[in-house]
Every structure is written in C-alpha cells, then in structure tokens.
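Novice: Just passing along the structure, written as structure tokens.
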Amino acid sequence: MSAAEVAELLVGAIDLHCHSGPAAMPRILDHHEELLDAADAKFRAVLFKDHFYAGMPHAILLEKLFPETNVKPFSGLVLNNASGGINPHAVDHTIKLGGKIVWMPTLSAANHIKAMAAGNSTFPKTAQKMLDPIPLAALDANGKLTDDTKKVIDLIAEADIILAGGHLPASECTSCSTRRRGAASRR
C-alpha cells in the first residue's frame, strides 16, 4: 500500500488511544502537537490517555483554543491509584466533563504489578520515581465484583461510554463486561 493510499484511509479516522503529554512518562509529543498532527492527517477526533490523570480538562481547553483544527479532542479516565483507584466519584466527574472512556486499572492493577515484578514487561518507566502502586483488583477475595467496581460499571453503562479492561486479568475483565452488558440492558 502506498503512502498516499494510507493517508487517504486516515481521512476521518479517530485515534482511540493517544499517549501524548504532559505526562509522567516520556512522550514524543504533547496534546497540542498531537491535535495538529491529527489535523494534518485530516483525522476527525483523537482520544488522549494518561495513566495518572483524567484528560478531559485538556481536551476541553484544546478544543476551545484550537477550533480551526476541526479535530474533536476527547479523553477519559484510568482508574489507577492517582485517580483514587476504582473510584465512582472520579468516574462520575469524568462523565460529567464529557469523558468517553474509562479504563480499569493499568499501572495499579495487581496483574500489572505482578508482571512487572516478574520482569515480564518492557512497559515504559516514569521520568521520576513515583510512589509504589497499591495493587488494585475489580474482584474481592471471594471472586465477586467489589461494590465500587459495580458502581463504576453502572455509571459507565448509564452514560453509554466505553469500558476498557485496562491491565486487569481476563477473569476480572470478563466479570466487568458481564456486569456492563447487564447494566446496559437495564437502561
């Protein structure tokens, strides 16, 4: 496929997973630069993701400051320790600001922490040493979804936004998606 054919395919595209900055991890471009690159490629939208903060305030400001790009910026929230973990209040706030996706824990997921400790990951490091993560799981000791996880999933279903599994193990993702489908059918 030629470069021109690839460029034509990207017209109207939406980047659903952009790790631009500012960020605790080194990034090759910031949110504004990503917005300009997306405009050059004639993307319709970009969705910013950061493991440590909700990106909706950045998306809102970028859209206001640079409407001429004709690229709609979006974001969401990753439920890591920095956002309070599996935190219904943070999810509610993100939804109210127009967030389109909530990722279950990534860097704070017990599954991720275990893989990192075993040396099974080449995941990028933060530019500065952060506090050690507190392992998070969507399931309690009995293998059931925690109350906060249920509330988060119900909020996501009610808002009809995307639930992403983050770095949870498949067993936890399955439980979350089963709850999401059930909550969506009750709407």
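Each chain in the structure tokens gets a letter, A, B and so on, in the order shown; residues start at 1 in every chain, and ligands are counted from 1 in the order they appear.
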Report as JSON lines: every residue of region 117-159 of chain A with an atom at most 7 Å from region 68-90 of chain A, its closest pair of atoms, and their distance in Å to one decimal, counting only C-alpha atoms, with rows sorted by chain and ascending residue number.

Specialist:
```
{"residue": "A:Pro133", "atom": "CA", "partner": "A:Asn81", "partner_atom": "CA", "distance": 6.7}
{"residue": "A:Ile134", "atom": "CA", "partner": "A:Asn81", "partner_atom": "CA", "distance": 6.8}
{"residue": "A:Asp148", "atom": "CA", "partner": "A:Ile86", "partner_atom": "CA", "distance": 6.3}
{"residue": "A:Thr149", "atom": "CA", "partner": "A:Ile86", "partner_atom": "CA", "distance": 6.2}
{"residue": "A:Lys151", "atom": "CA", "partner": "A:Pro88", "partner_atom": "CA", "distance": 6.1}
{"residue": "A:Val152", "atom": "CA", "partner": "A:Pro88", "partner_atom": "CA", "distance": 4.9}
```

Novice: Okay, now the selection with C-alpha atoms, as a PDB file, in the first residue's frame?

Specialist:
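So result_5.pdb came out as:
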```
ATOM      1  CA  PRO A 133       1.448   1.398  43.439  1.00  0.00           C
ATOM      2  CA  ILE A 134      -1.147  -0.158  45.690  1.00  0.00           C
ATOM      3  CA  ASP A 148     -17.088   0.292  43.904  1.00  0.00           C
ATOM      4  CA  THR A 149     -16.465  -1.689  40.720  1.00  0.00           C
ATOM      5  CA  LYS A 151     -20.969   1.361  40.850  1.00  0.00           C
ATOM      6  CA  VAL A 152     -18.292   2.380  38.324  1.00  0.00           C
TER       7      VAL A 152
END
```

Novice: So that I can check the surroundings of Pro169 (chain A), please list as an mmCIF file with N, CA, C and O atoms, in the first residue's frame every protein, DNA and RNA residue that reaches within 9 Å of it, counting only C-alpha atoms and ignoring chain neighbours fewer than 2 positions away.

Specialist:
```
data_model
loop_
_atom_site.group_PDB
_atom_site.id
_atom_site.type_symbol
_atom_site.label_atom_id
_atom_site.label_comp_id
_atom_site.auth_asym_id
_atom_site.auth_seq_id
_atom_site.Cartn_x
_atom_site.Cartn_y
_atom_site.Cartn_z
ATOM 1 N N ALA A 109 -2.993 -2.005 38.510
ATOM 2 C CA ALA A 109 -3.655 -3.318 38.522
ATOM 3 C C ALA A 109 -2.723 -4.350 39.164
ATOM 4 O O ALA A 109 -1.527 -4.410 38.842
ATOM 5 N N ALA A 110 -3.254 -5.134 40.055
ATOM 6 C CA ALA A 110 -2.449 -6.183 40.700
ATOM 7 C C ALA A 110 -1.782 -7.061 39.642
ATOM 8 O O ALA A 110 -0.607 -7.439 39.789
ATOM 9 N N ASN A 111 -2.483 -7.349 38.582
ATOM 10 C CA ASN A 111 -1.965 -8.155 37.483
ATOM 11 C C ASN A 111 -0.738 -7.490 36.836
ATOM 12 O O ASN A 111 0.267 -8.149 36.549
ATOM 13 N N HIS A 112 -0.799 -6.191 36.618
ATOM 14 C CA HIS A 112 0.312 -5.444 36.022
ATOM 15 C C HIS A 112 1.513 -5.427 36.971
ATOM 16 O O HIS A 112 2.649 -5.651 36.551
ATOM 17 N N GLY A 165 -10.770 -2.675 29.730
ATOM 18 C CA GLY A 165 -10.286 -3.564 30.777
ATOM 19 C C GLY A 165 -8.986 -3.168 31.431
ATOM 20 O O GLY A 165 -8.607 -3.748 32.444
ATOM 21 N N GLY A 166 -8.293 -2.171 30.880
ATOM 22 C CA GLY A 166 -7.009 -1.785 31.461
ATOM 23 C C GLY A 166 -6.041 -2.948 31.431
ATOM 24 O O GLY A 166 -5.940 -3.657 30.423
ATOM 25 N N HIS A 167 -5.351 -3.160 32.533
ATOM 26 C CA HIS A 167 -4.393 -4.262 32.627
ATOM 27 C C HIS A 167 -4.876 -5.338 33.596
ATOM 28 O O HIS A 167 -4.073 -6.057 34.189
ATOM 29 N N SER A 171 -9.976 -12.855 33.700
ATOM 30 C CA SER A 171 -11.079 -13.234 34.593
ATOM 31 C C SER A 171 -11.801 -12.010 35.142
ATOM 32 O O SER A 171 -13.029 -11.993 35.241
ATOM 33 N N GLU A 172 -11.064 -10.972 35.486
ATOM 34 C CA GLU A 172 -11.682 -9.758 36.004
ATOM 35 C C GLU A 172 -12.376 -8.988 34.881
ATOM 36 O O GLU A 172 -13.457 -8.426 35.079
ATOM 37 N N CYS A 173 -11.759 -8.952 33.708
ATOM 38 C CA CYS A 173 -12.389 -8.269 32.558
ATOM 39 C C CYS A 173 -13.711 -8.923 32.197
ATOM 40 O O CYS A 173 -14.689 -8.235 31.893
ATOM 41 N N THR A 174 -13.754 -10.245 32.252
ATOM 42 C CA THR A 174 -14.990 -10.969 31.942
ATOM 43 C C THR A 174 -16.090 -10.597 32.923
ATOM 44 O O THR A 174 -17.228 -10.324 32.517
#
```

Novice: Per residue of region 53-172 of chain A within 8 Å of region 25-32 of chain A, what are the shortest atom pair and its distance in Å to one decimal, counting only C-alpha atoms, with rows by chain and residue number, as JSON lines?

Specialist:
```
{"residue": "A:His58", "atom": "CA", "partner": "A:His31", "partner_atom": "CA", "distance": 7.9}
{"residue": "A:Leu62", "atom": "CA", "partner": "A:His32", "partner_atom": "CA", "distance": 7.0}
{"residue": "A:Pro124", "atom": "CA", "partner": "A:Met25", "partner_atom": "CA", "distance": 7.0}
{"residue": "A:Lys125", "atom": "CA", "partner": "A:Met25", "partner_atom": "CA", "distance": 6.2}
{"residue": "A:Thr126", "atom": "CA", "partner": "A:Met25", "partner_atom": "CA", "distance": 4.2}
{"residue": "A:Ala127", "atom": "CA", "partner": "A:Met25", "partner_atom": "CA", "distance": 5.3}
```

Novice: Would you mind exporting N, CA and C atoms of the selected residues as a CSV table (one decimal), in the first residue's frame?

Specialist:
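Just written: result_33.csv:
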```
chain,number,residue,atom,x,y,z
A,58,HIS,N,-8.0,18.9,29.6
A,58,HIS,CA,-7.1,19.3,28.5
A,58,HIS,C,-7.8,19.3,27.2
A,62,LEU,N,-8.2,22.5,24.7
A,62,LEU,CA,-7.7,22.4,23.4
A,62,LEU,C,-8.7,22.7,22.3
A,124,PRO,N,7.0,1.2,29.7
A,124,PRO,CA,7.8,2.4,29.9
A,124,PRO,C,7.8,2.8,31.4
A,125,LYS,N,8.9,3.3,31.8
A,125,LYS,CA,9.1,3.8,33.2
A,125,LYS,C,8.7,5.3,33.2
A,126,THR,N,8.3,5.8,34.4
A,126,THR,CA,8.1,7.2,34.6
A,126,THR,C,9.4,8.0,34.6
A,127,ALA,N,9.4,9.3,34.2
A,127,ALA,CA,10.6,10.1,34.2
A,127,ALA,C,11.2,10.2,35.6
```

Novice: Counting only C-alpha atoms, which of A:Gly21, A:Gly143, A:Gly182, A:Gly119 gets nearest to Phe48 (chain A)?

Specialist: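 Ranked by minimum distance to Phe48 (chain A), first place goes to A:Gly21.
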
Novice: Name the residues in contact with His17 (chain A) at a cut-off of 8 Å, using only C-alpha atoms, excluding same-chain residues fewer than 2 positions from it; report them as a list in words.

Specialist: Asp15, His19, Val46, Leu47, Phe48 and Lys49 of chain A

Novice: With only C-alpha atoms as the atoms that count, which of A:Glu8, A:Asp147, A:Asp154, A:Glu33 lies nearest to Ser177 (chain A)?

Specialist: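 Answer, going by the shortest atom-to-atom distance: A:Asp154.
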
Novice: Pick out the closest residue to Leu131 (chain A) from this set: A:Ser108, A:Thr146, A:Leu168, A:Glu158. Count only C-alpha atoms.

Specialist: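 Using only C-alpha atoms, Leu131 (chain A) sits closest to A:Ser108.
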
Novice: Could you pull out all residues of region 18-162 of chain A with a DSSP call of alpha helix (DSSP H) and give them as a PyMOL selection string?

Specialist: chain A and resi 31-40+56-65+88-96+110-117+147-159

Novice: To one decimal place, how far is CA of Thr106 (chain A) from CA of Ala183 (chain A) in Å?

Specialist: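 If I compute the distance from CA of Thr106 (chain A) to CA of Ala183 (chain A), I get 23.1 Å.
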
Novice: Would you mind telling me which residue in A:Met1, A:Leu97, A:Ala117, A:Leu10 lies nearest to Asp37 (chain A) when using only C-alpha atoms?

Specialist: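 With only C-alpha atoms as the atom set, the closest residue is A:Leu10.
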